[in-house]
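This report refers to the structure that appears directly beneath it.
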Amino acid sequence: MSDYVKPALVDLVRTIPDYPKPGIQFRDITTLIADPVGLRTAVDGLLWPYLREPVDIVVGIEARGFILGGAVAHELGRGFVPIRKKGKLPGKTIGQDYTLEYGVDTIEIHADAIQPGQRVLVIDDLIATGGTADAAIELLKRSGADIVGAAFVIDLPALGGSQKLRDKGLVVHSLMCFEGD
Ligand code: AMP
């Protein structure tokens, strides 16, 4: 163990070219979260800006946002609320449509998951165009949430999503950036 060198978080992300379609560089975090140091470093990195901020509840976006958001909620000593793809949540939901490259998708939250005025931290693995996170934020606003921030392991700044959220007045942070899409 004495010669152990802590891996750089960025080196634990696996890039898979042309997935799910030609031209996309898929940034795969399964390799990062499979590494015990990687998982802990990522979770710590996501939550430290919020150790001094009042966060009432953590929201994670399906599916990788559940893994990271659940760990962040646990560490902050707060509860966790999932935002899921349409039709997956069993109770009464509210939904928000958002535009994909081809077509439209919908995400949902339980209608009673957030109490008006609750201070919410939003977690996902990656922000690209920001379509998913933006729809999540609209859902949370409609639920009466006060959004204290949105945190991502990876930002693809060329796709403009994090800037789009900042332009709406949100605090956004990420642990690493990759150039291009
Ligand atoms: P967007 O709505 O464009 O910001 O896309 C964000 C969502 O799509 C996240 O939940 C990511 O998991 C996934 N995603 C988009 N682009 C990539 C990519 N290049 N590599 C891995 N996941 C991606």
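By convention here, the chains of the structure tokens are called A, B, ... in the order presented, each chain's residues are numbered starting at 1, and ligands are numbered starting at 1 in the order presented.
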Counting only C-alpha atoms and all ligand atoms, which residues of chain A fall within 7 Å of ligand 1, and what is the closest atom pair for each with its distance in Å at one decimal, ordered by chain and rising number, as a tab-separated table?
residue	atom	partner	partner_atom_place_in_ligand_line	distance
A:Ile24	CA	ligand 1	19 (N)	6.0
A:Gln25	CA	ligand 1	19 (N)	5.2
A:Phe26	CA	ligand 1	20 (N)	3.6
A:Arg27	CA	ligand 1	20 (N)	3.9
A:Asp28	CA	ligand 1	21 (C)	5.8
A:Ile61	CA	ligand 1	10 (O)	6.8
A:Glu62	CA	ligand 1	10 (O)	6.9
A:Arg64	CA	ligand 1	12 (O)	6.6
A:Asp124	CA	ligand 1	10 (O)	6.2
A:Asp125	CA	ligand 1	12 (O)	5.7
A:Leu126	CA	ligand 1	11 (C)	4.7
A:Ile127	CA	ligand 1	4 (O)	4.0
A:Ala128	CA	ligand 1	4 (O)	3.5
A:Thr129	CA	ligand 1	3 (O)	3.6
A:Gly130	CA	ligand 1	4 (O)	3.4
A:Gly131	CA	ligand 1	2 (O)	3.8
A:Thr132	CA	ligand 1	2 (O)	3.7
A:Ala133	CA	ligand 1	2 (O)	6.2
A:Gly161	CA	ligand 1	4 (O)	5.8
A:Asp181	CA	ligand 1	19 (N)	6.1
Write a file of the selected residues as a compact mmCIF listing (two decimals), in the first residue's frame, keeping all heavy atoms.
# COMPACT_ATOMS: atom_id res chain seq x y z
N ILE A 24 -20.66 10.30 -31.14
CA ILE A 24 -20.78 10.62 -29.71
C ILE A 24 -19.62 9.97 -28.96
O ILE A 24 -19.33 8.79 -29.14
CB ILE A 24 -22.12 10.09 -29.11
CG1 ILE A 24 -23.33 10.66 -29.86
CG2 ILE A 24 -22.19 10.36 -27.60
CD1 ILE A 24 -23.64 12.10 -29.58
N GLN A 25 -18.96 10.77 -28.13
CA GLN A 25 -17.94 10.23 -27.21
C GLN A 25 -18.67 10.00 -25.88
O GLN A 25 -18.94 10.97 -25.17
CB GLN A 25 -16.84 11.27 -26.97
CG GLN A 25 -16.15 11.74 -28.21
CD GLN A 25 -15.04 10.79 -28.61
OE1 GLN A 25 -14.76 9.80 -27.94
NE2 GLN A 25 -14.40 11.08 -29.71
N PHE A 26 -18.98 8.77 -25.56
CA PHE A 26 -19.73 8.51 -24.33
C PHE A 26 -18.77 8.51 -23.14
O PHE A 26 -17.80 7.76 -23.11
CB PHE A 26 -20.46 7.16 -24.43
CG PHE A 26 -21.47 6.97 -23.34
CD1 PHE A 26 -22.76 7.47 -23.46
CD2 PHE A 26 -21.12 6.33 -22.14
CE1 PHE A 26 -23.69 7.32 -22.44
CE2 PHE A 26 -22.05 6.18 -21.12
CZ PHE A 26 -23.33 6.68 -21.26
N ARG A 27 -19.04 9.36 -22.18
CA ARG A 27 -18.20 9.47 -20.98
C ARG A 27 -18.81 8.56 -19.92
O ARG A 27 -19.81 8.91 -19.29
CB ARG A 27 -18.15 10.92 -20.50
CG ARG A 27 -17.76 11.92 -21.58
CD ARG A 27 -16.38 11.67 -22.16
NE ARG A 27 -16.05 12.68 -23.19
CZ ARG A 27 -14.90 12.75 -23.81
NH1 ARG A 27 -13.94 11.86 -23.56
NH2 ARG A 27 -14.68 13.68 -24.71
N ASP A 28 -18.19 7.42 -19.75
CA ASP A 28 -18.74 6.33 -18.92
C ASP A 28 -18.18 6.44 -17.51
O ASP A 28 -16.97 6.27 -17.30
CB ASP A 28 -18.34 5.00 -19.58
CG ASP A 28 -18.76 3.80 -18.78
OD1 ASP A 28 -19.67 3.92 -17.94
OD2 ASP A 28 -18.15 2.72 -18.99
N ILE A 61 -31.20 12.63 -10.79
CA ILE A 61 -31.87 12.38 -12.06
C ILE A 61 -31.49 10.98 -12.56
O ILE A 61 -30.31 10.61 -12.56
CB ILE A 61 -31.47 13.46 -13.10
CG1 ILE A 61 -31.75 14.87 -12.55
CG2 ILE A 61 -32.19 13.22 -14.42
CD1 ILE A 61 -31.24 16.00 -13.44
N GLU A 62 -32.52 10.22 -12.98
CA GLU A 62 -32.32 8.85 -13.47
C GLU A 62 -31.27 8.82 -14.57
O GLU A 62 -31.30 9.65 -15.46
CB GLU A 62 -33.65 8.32 -14.01
CG GLU A 62 -33.60 6.86 -14.40
CD GLU A 62 -34.98 6.26 -14.68
OE1 GLU A 62 -36.00 6.95 -14.51
OE2 GLU A 62 -35.02 5.10 -15.07
N ARG A 64 -27.92 7.55 -13.37
CA ARG A 64 -26.65 7.67 -12.65
C ARG A 64 -26.72 8.71 -11.55
O ARG A 64 -25.97 8.65 -10.57
CB ARG A 64 -25.51 7.93 -13.63
CG ARG A 64 -25.20 6.71 -14.49
CD ARG A 64 -24.26 7.05 -15.61
NE ARG A 64 -24.91 7.88 -16.60
CZ ARG A 64 -25.23 7.49 -17.82
NH1 ARG A 64 -24.94 6.28 -18.21
NH2 ARG A 64 -25.84 8.30 -18.66
N ASP A 124 -26.54 15.08 -10.97
CA ASP A 124 -26.52 14.12 -12.09
C ASP A 124 -25.06 13.83 -12.44
O ASP A 124 -24.16 14.53 -11.97
CB ASP A 124 -27.30 14.63 -13.29
CG ASP A 124 -27.76 13.49 -14.21
OD1 ASP A 124 -27.48 12.31 -13.92
OD2 ASP A 124 -28.39 13.79 -15.24
N ASP A 125 -24.85 12.82 -13.27
CA ASP A 125 -23.46 12.47 -13.60
C ASP A 125 -22.86 13.45 -14.59
O ASP A 125 -21.66 13.75 -14.51
CB ASP A 125 -23.35 11.03 -14.13
CG ASP A 125 -24.02 10.83 -15.48
OD1 ASP A 125 -25.06 11.44 -15.73
OD2 ASP A 125 -23.49 10.04 -16.29
N LEU A 126 -23.67 13.97 -15.52
CA LEU A 126 -23.09 14.71 -16.64
C LEU A 126 -24.08 15.74 -17.15
O LEU A 126 -25.29 15.48 -17.20
CB LEU A 126 -22.74 13.70 -17.74
CG LEU A 126 -22.08 14.19 -19.01
CD1 LEU A 126 -21.12 13.13 -19.55
CD2 LEU A 126 -23.10 14.54 -20.08
N ILE A 127 -23.59 16.92 -17.50
CA ILE A 127 -24.43 17.91 -18.17
C ILE A 127 -23.85 18.17 -19.56
O ILE A 127 -22.65 18.44 -19.69
CB ILE A 127 -24.63 19.19 -17.34
CG1 ILE A 127 -25.58 20.14 -18.08
CG2 ILE A 127 -23.30 19.88 -16.97
CD1 ILE A 127 -26.25 21.17 -17.20
N ALA A 128 -24.72 18.03 -20.55
CA ALA A 128 -24.31 18.24 -21.94
C ALA A 128 -25.07 19.46 -22.48
O ALA A 128 -24.66 20.59 -22.23
CB ALA A 128 -24.57 16.96 -22.74
N THR A 129 -26.19 19.24 -23.15
CA THR A 129 -26.99 20.39 -23.63
C THR A 129 -27.76 21.05 -22.49
O THR A 129 -28.28 22.16 -22.66
CB THR A 129 -28.01 19.94 -24.68
OG1 THR A 129 -28.97 19.08 -24.05
CG2 THR A 129 -27.36 19.22 -25.84
N GLY A 130 -27.90 20.34 -21.40
CA GLY A 130 -28.66 20.87 -20.25
C GLY A 130 -30.15 20.63 -20.35
O GLY A 130 -30.90 21.02 -19.45
N GLY A 131 -30.59 19.95 -21.41
CA GLY A 131 -32.03 19.71 -21.58
C GLY A 131 -32.64 18.95 -20.40
O GLY A 131 -33.70 19.31 -19.88
N THR A 132 -31.93 17.90 -19.95
CA THR A 132 -32.45 17.07 -18.86
C THR A 132 -32.47 17.86 -17.55
O THR A 132 -33.48 17.88 -16.84
CB THR A 132 -31.57 15.82 -18.68
OG1 THR A 132 -31.29 15.26 -19.96
CG2 THR A 132 -32.24 14.79 -17.80
N ALA A 133 -31.35 18.51 -17.24
CA ALA A 133 -31.26 19.25 -15.97
C ALA A 133 -32.24 20.42 -15.96
O ALA A 133 -32.88 20.71 -14.93
CB ALA A 133 -29.84 19.75 -15.77
N GLY A 161 -24.87 23.54 -21.77
CA GLY A 161 -25.89 23.29 -20.74
C GLY A 161 -25.61 24.00 -19.42
O GLY A 161 -26.51 24.61 -18.84
N ASP A 181 -17.91 17.51 -27.86
CA ASP A 181 -19.12 16.81 -27.41
C ASP A 181 -18.84 15.34 -27.38
O ASP A 181 -19.37 14.46 -27.62
CB ASP A 181 -20.32 17.19 -28.29
CG ASP A 181 -20.03 17.05 -29.77
OD1 ASP A 181 -18.97 16.51 -30.11
OD2 ASP A 181 -20.86 17.49 -30.57
Problem set entry | Non-local contacts of Gly117 in chain A (10 Å; only C-alpha atoms; under 3 positions in same chain excluded) as a list in words | Asp56, Ile114, Val120, Lys141, Ser143, Gly144, Ala145, Asp146 and Ile147 of chain A
For this session: Would you mind telling me which residue in A:Asp167, A:Ile109, A:Leu100, A:Lys6 lies nearest to Pro36 in chain A when using only C-alpha atoms?
Result: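 Of the candidates, the smallest distance to Pro36 in chain A is held by A:Lys6.
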For this session: For range 72-76 of chain A, list every protein, DNA or RNA residue within 8 Å, evaluated using only C-alpha atoms, and leave out those in the same chain fewer than 2 positions away; present the list as a VMD selection string.
Result: chain A and resid 43 to 44 46 to 47 51 57 to 58 68 to 70 78 to 80
Output all heavy atoms for every residue in the selection just made, as an mmCIF file, in the first residue's frame.
data_model
loop_
_atom_site.group_PDB
_atom_site.id
_atom_site.type_symbol
_atom_site.label_atom_id
_atom_site.label_comp_id
_atom_site.auth_asym_id
_atom_site.auth_seq_id
_atom_site.Cartn_x
_atom_site.Cartn_y
_atom_site.Cartn_z
ATOM 1 N N VAL A 43 -18.038 11.766 -4.723
ATOM 2 C CA VAL A 43 -19.118 12.148 -3.796
ATOM 3 C C VAL A 43 -18.671 13.336 -2.937
ATOM 4 O O VAL A 43 -19.414 14.318 -2.772
ATOM 5 C CB VAL A 43 -19.559 10.932 -2.946
ATOM 6 C CG1 VAL A 43 -20.515 11.351 -1.831
ATOM 7 C CG2 VAL A 43 -20.207 9.883 -3.839
ATOM 8 N N ASP A 44 -17.440 13.273 -2.433
ATOM 9 C CA ASP A 44 -16.915 14.404 -1.638
ATOM 10 C C ASP A 44 -16.881 15.681 -2.465
ATOM 11 O O ASP A 44 -17.230 16.759 -1.986
ATOM 12 C CB ASP A 44 -15.497 14.103 -1.141
ATOM 13 C CG ASP A 44 -15.480 13.113 0.004
ATOM 14 O OD1 ASP A 44 -16.563 12.775 0.517
ATOM 15 O OD2 ASP A 44 -14.376 12.672 0.375
ATOM 16 N N LEU A 46 -18.714 16.491 -5.018
ATOM 17 C CA LEU A 46 -20.057 17.015 -5.289
ATOM 18 C C LEU A 46 -20.641 17.735 -4.083
ATOM 19 O O LEU A 46 -21.374 18.716 -4.225
ATOM 20 C CB LEU A 46 -20.992 15.868 -5.705
ATOM 21 C CG LEU A 46 -20.699 15.239 -7.071
ATOM 22 C CD1 LEU A 46 -21.497 13.949 -7.249
ATOM 23 C CD2 LEU A 46 -21.014 16.201 -8.206
ATOM 24 N N LEU A 47 -20.312 17.250 -2.878
ATOM 25 C CA LEU A 47 -21.026 17.798 -1.714
ATOM 26 C C LEU A 47 -20.290 18.903 -0.975
ATOM 27 O O LEU A 47 -20.930 19.679 -0.256
ATOM 28 C CB LEU A 47 -21.444 16.687 -0.758
ATOM 29 C CG LEU A 47 -20.405 15.933 0.049
ATOM 30 C CD1 LEU A 47 -19.971 16.694 1.296
ATOM 31 C CD2 LEU A 47 -21.009 14.597 0.484
ATOM 32 N N LEU A 51 -21.529 21.927 2.282
ATOM 33 C CA LEU A 51 -21.397 21.631 3.717
ATOM 34 C C LEU A 51 -21.788 22.834 4.565
ATOM 35 O O LEU A 51 -22.211 22.687 5.699
ATOM 36 C CB LEU A 51 -19.962 21.198 4.036
ATOM 37 C CG LEU A 51 -19.584 19.807 3.512
ATOM 38 C CD1 LEU A 51 -18.110 19.532 3.742
ATOM 39 C CD2 LEU A 51 -20.430 18.723 4.158
ATOM 40 N N ILE A 57 -32.926 18.729 0.992
ATOM 41 C CA ILE A 57 -33.150 17.454 0.321
ATOM 42 C C ILE A 57 -32.327 17.410 -0.969
ATOM 43 O O ILE A 57 -32.073 18.452 -1.576
ATOM 44 C CB ILE A 57 -34.671 17.248 0.070
ATOM 45 C CG1 ILE A 57 -35.013 15.791 -0.184
ATOM 46 C CG2 ILE A 57 -35.203 18.130 -1.047
ATOM 47 C CD1 ILE A 57 -36.356 15.393 0.384
ATOM 48 N N VAL A 58 -31.896 16.197 -1.337
ATOM 49 C CA VAL A 58 -31.096 16.006 -2.556
ATOM 50 C C VAL A 58 -31.972 15.317 -3.596
ATOM 51 O O VAL A 58 -32.670 14.350 -3.290
ATOM 52 C CB VAL A 58 -29.836 15.163 -2.258
ATOM 53 C CG1 VAL A 58 -29.031 14.904 -3.529
ATOM 54 C CG2 VAL A 58 -28.973 15.855 -1.204
ATOM 55 N N LEU A 68 -25.069 8.652 -7.384
ATOM 56 C CA LEU A 68 -24.278 9.746 -6.807
ATOM 57 C C LEU A 68 -25.126 10.569 -5.847
ATOM 58 O O LEU A 68 -24.670 10.936 -4.761
ATOM 59 C CB LEU A 68 -23.741 10.629 -7.937
ATOM 60 C CG LEU A 68 -22.781 9.888 -8.875
ATOM 61 C CD1 LEU A 68 -22.674 10.598 -10.203
ATOM 62 C CD2 LEU A 68 -21.411 9.739 -8.221
ATOM 63 N N GLY A 69 -26.350 10.869 -6.234
ATOM 64 C CA GLY A 69 -27.232 11.696 -5.387
ATOM 65 C C GLY A 69 -27.577 10.981 -4.089
ATOM 66 O O GLY A 69 -27.660 11.613 -3.031
ATOM 67 N N GLY A 70 -27.760 9.665 -4.171
ATOM 68 C CA GLY A 70 -28.060 8.906 -2.950
ATOM 69 C C GLY A 70 -26.907 8.977 -1.965
ATOM 70 O O GLY A 70 -27.112 9.171 -0.757
ATOM 71 N N ARG A 78 -29.308 13.997 4.700
ATOM 72 C CA ARG A 78 -30.589 14.464 4.171
ATOM 73 C C ARG A 78 -31.276 13.337 3.415
ATOM 74 O O ARG A 78 -30.666 12.305 3.146
ATOM 75 C CB ARG A 78 -30.366 15.667 3.233
ATOM 76 C CG ARG A 78 -29.811 16.894 3.945
ATOM 77 C CD ARG A 78 -30.858 17.478 4.890
ATOM 78 N NE ARG A 78 -30.377 18.639 5.617
ATOM 79 C CZ ARG A 78 -29.838 18.607 6.840
ATOM 80 N NH1 ARG A 78 -29.697 17.447 7.462
ATOM 81 N NH2 ARG A 78 -29.465 19.701 7.439
ATOM 82 N N GLY A 79 -32.533 13.565 3.036
ATOM 83 C CA GLY A 79 -33.258 12.579 2.251
ATOM 84 C C GLY A 79 -32.970 12.736 0.763
ATOM 85 O O GLY A 79 -32.313 13.691 0.338
ATOM 86 N N PHE A 80 -33.486 11.770 -0.002
ATOM 87 C CA PHE A 80 -33.243 11.726 -1.446
ATOM 88 C C PHE A 80 -34.568 11.594 -2.192
ATOM 89 O O PHE A 80 -35.432 10.814 -1.796
ATOM 90 C CB PHE A 80 -32.349 10.527 -1.783
ATOM 91 C CG PHE A 80 -32.126 10.360 -3.263
ATOM 92 C CD1 PHE A 80 -31.170 11.119 -3.924
ATOM 93 C CD2 PHE A 80 -32.892 9.462 -4.001
ATOM 94 C CE1 PHE A 80 -30.976 10.986 -5.294
ATOM 95 C CE2 PHE A 80 -32.704 9.318 -5.367
ATOM 96 C CZ PHE A 80 -31.741 10.088 -6.008
#
Exercise. Neighbours of Gly180 in chain A within 9 Å (only C-alpha atoms; same-chain residues fewer than 4 positions away dropped), as a list of chain:residue names?
Worked result: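 Returned residues: A:Gln25, A:Leu156, A:Pro157, A:Ala158, A:Leu159.
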Problem set entry | From A:Phe178, A:Tyr50, A:Phe66, A:Tyr98, residue lying nearest Val13 in chain A [only C-alpha atoms] |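 The shortest atom-to-atom distance to Val13 in chain A comes from A:Phe178.
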Exercise. So which bits of range 7-175 of chain A end up helix (DSSP H, G or I) when you DSSP the backbone, as a PyMOL selection string?
Worked result: chain A and resi 9-12+30-33+36-50+64-76+131-142+157-159+161-167
Exercise. What is the CA of Gln115 in chain A-CA of Val59 in chain A distance in Å, reported with one decimal?
Worked result: 12.9 Å
For this session: Please run DSSP on the backbone and report, as a ChimeraX atom specification, all residues within chain A that come out as strand (DSSP E).
Result: /A:14-17,25-28,57-61,79-85,93-99,104-110,119-127,146-155,172-177
Exercise. Distance CA of Asp18 in chain A-CA of Thr99 in chain A, one decimal place?
Worked result: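 So the two atoms, CA of Asp18 in chain A and CA of Thr99 in chain A, lie 21.4 Å apart.
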For this session: Determine, counting only C-alpha atoms, which protein, DNA and RNA residues have an atom within 10 Å of an atom of Ile83 in chain A; residues of the same chain fewer than 5 positions away are not included. Present the result as number ranges by chain.
Result: A: 59-63, 65-66, 88-89, 95, 107-110, 113, 122, 136, 139-140
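Each of A:Ala135, A:Val55, A:Ile67, A:Val81 was checked against Lys164 in chain A using only C-alpha atoms; the smallest atom-to-atom distance is that of A:Ala135.
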Exercise. Between A:Gly45, A:Pro54, A:Asp155, A:Ser174, which one has atoms that come closest to Leu121 in chain A, using only C-alpha atoms?
Worked result: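 Of A:Gly45, A:Pro54, A:Asp155, A:Ser174, the one nearest Leu121 in chain A, counting only C-alpha atoms, is A:Pro54.
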Contact residues around Ala111 in chain A with only C-alpha atoms at 8 Å, ignoring same-chain residues under 6 positions, as an mmCIF file with all heavy atoms, in the first residue's frame:
data_model
loop_
_atom_site.group_PDB
_atom_site.id
_atom_site.type_symbol
_atom_site.label_atom_id
_atom_site.label_comp_id
_atom_site.auth_asym_id
_atom_site.auth_seq_id
_atom_site.Cartn_x
_atom_site.Cartn_y
_atom_site.Cartn_z
ATOM 1 N N GLY A 91 -46.600 6.678 -7.671
ATOM 2 C CA GLY A 91 -47.616 7.580 -7.110
ATOM 3 C C GLY A 91 -48.043 8.641 -8.104
ATOM 4 O O GLY A 91 -47.698 8.601 -9.287
ATOM 5 N N LYS A 92 -48.808 9.624 -7.586
ATOM 6 C CA LYS A 92 -49.246 10.744 -8.438
ATOM 7 C C LYS A 92 -48.016 11.580 -8.791
ATOM 8 O O LYS A 92 -47.207 11.904 -7.918
ATOM 9 C CB LYS A 92 -50.264 11.580 -7.665
ATOM 10 C CG LYS A 92 -50.923 12.680 -8.462
ATOM 11 C CD LYS A 92 -52.048 13.313 -7.617
ATOM 12 C CE LYS A 92 -52.787 14.401 -8.368
ATOM 13 N NZ LYS A 92 -51.993 15.556 -8.692
ATOM 14 N N THR A 93 -47.882 11.903 -10.070
ATOM 15 C CA THR A 93 -46.669 12.610 -10.521
ATOM 16 C C THR A 93 -47.012 13.926 -11.213
ATOM 17 O O THR A 93 -48.154 14.140 -11.633
ATOM 18 C CB THR A 93 -45.879 11.754 -11.532
ATOM 19 O OG1 THR A 93 -46.738 11.467 -12.632
ATOM 20 C CG2 THR A 93 -45.364 10.475 -10.925
ATOM 21 N N ILE A 94 -45.991 14.777 -11.336
ATOM 22 C CA ILE A 94 -46.054 15.869 -12.304
ATOM 23 C C ILE A 94 -44.904 15.652 -13.289
ATOM 24 O O ILE A 94 -43.856 15.102 -12.926
ATOM 25 C CB ILE A 94 -45.995 17.270 -11.651
ATOM 26 C CG1 ILE A 94 -44.754 17.452 -10.784
ATOM 27 C CG2 ILE A 94 -47.252 17.538 -10.836
ATOM 28 C CD1 ILE A 94 -44.565 18.882 -10.293
ATOM 29 N N SER A 143 -42.786 22.470 -8.220
ATOM 30 C CA SER A 143 -43.061 21.828 -6.918
ATOM 31 C C SER A 143 -42.849 22.796 -5.762
ATOM 32 O O SER A 143 -43.050 22.420 -4.605
ATOM 33 C CB SER A 143 -42.136 20.627 -6.708
ATOM 34 O OG SER A 143 -42.285 19.682 -7.735
#
Exercise. Which one is closest to Cys177 in chain A: A:Ile154, A:Gly103, A:Pro82, A:Ser162? Count only C-alpha atoms.
Worked result: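 With only C-alpha atoms as the atom set, the closest residue is A:Ile154.
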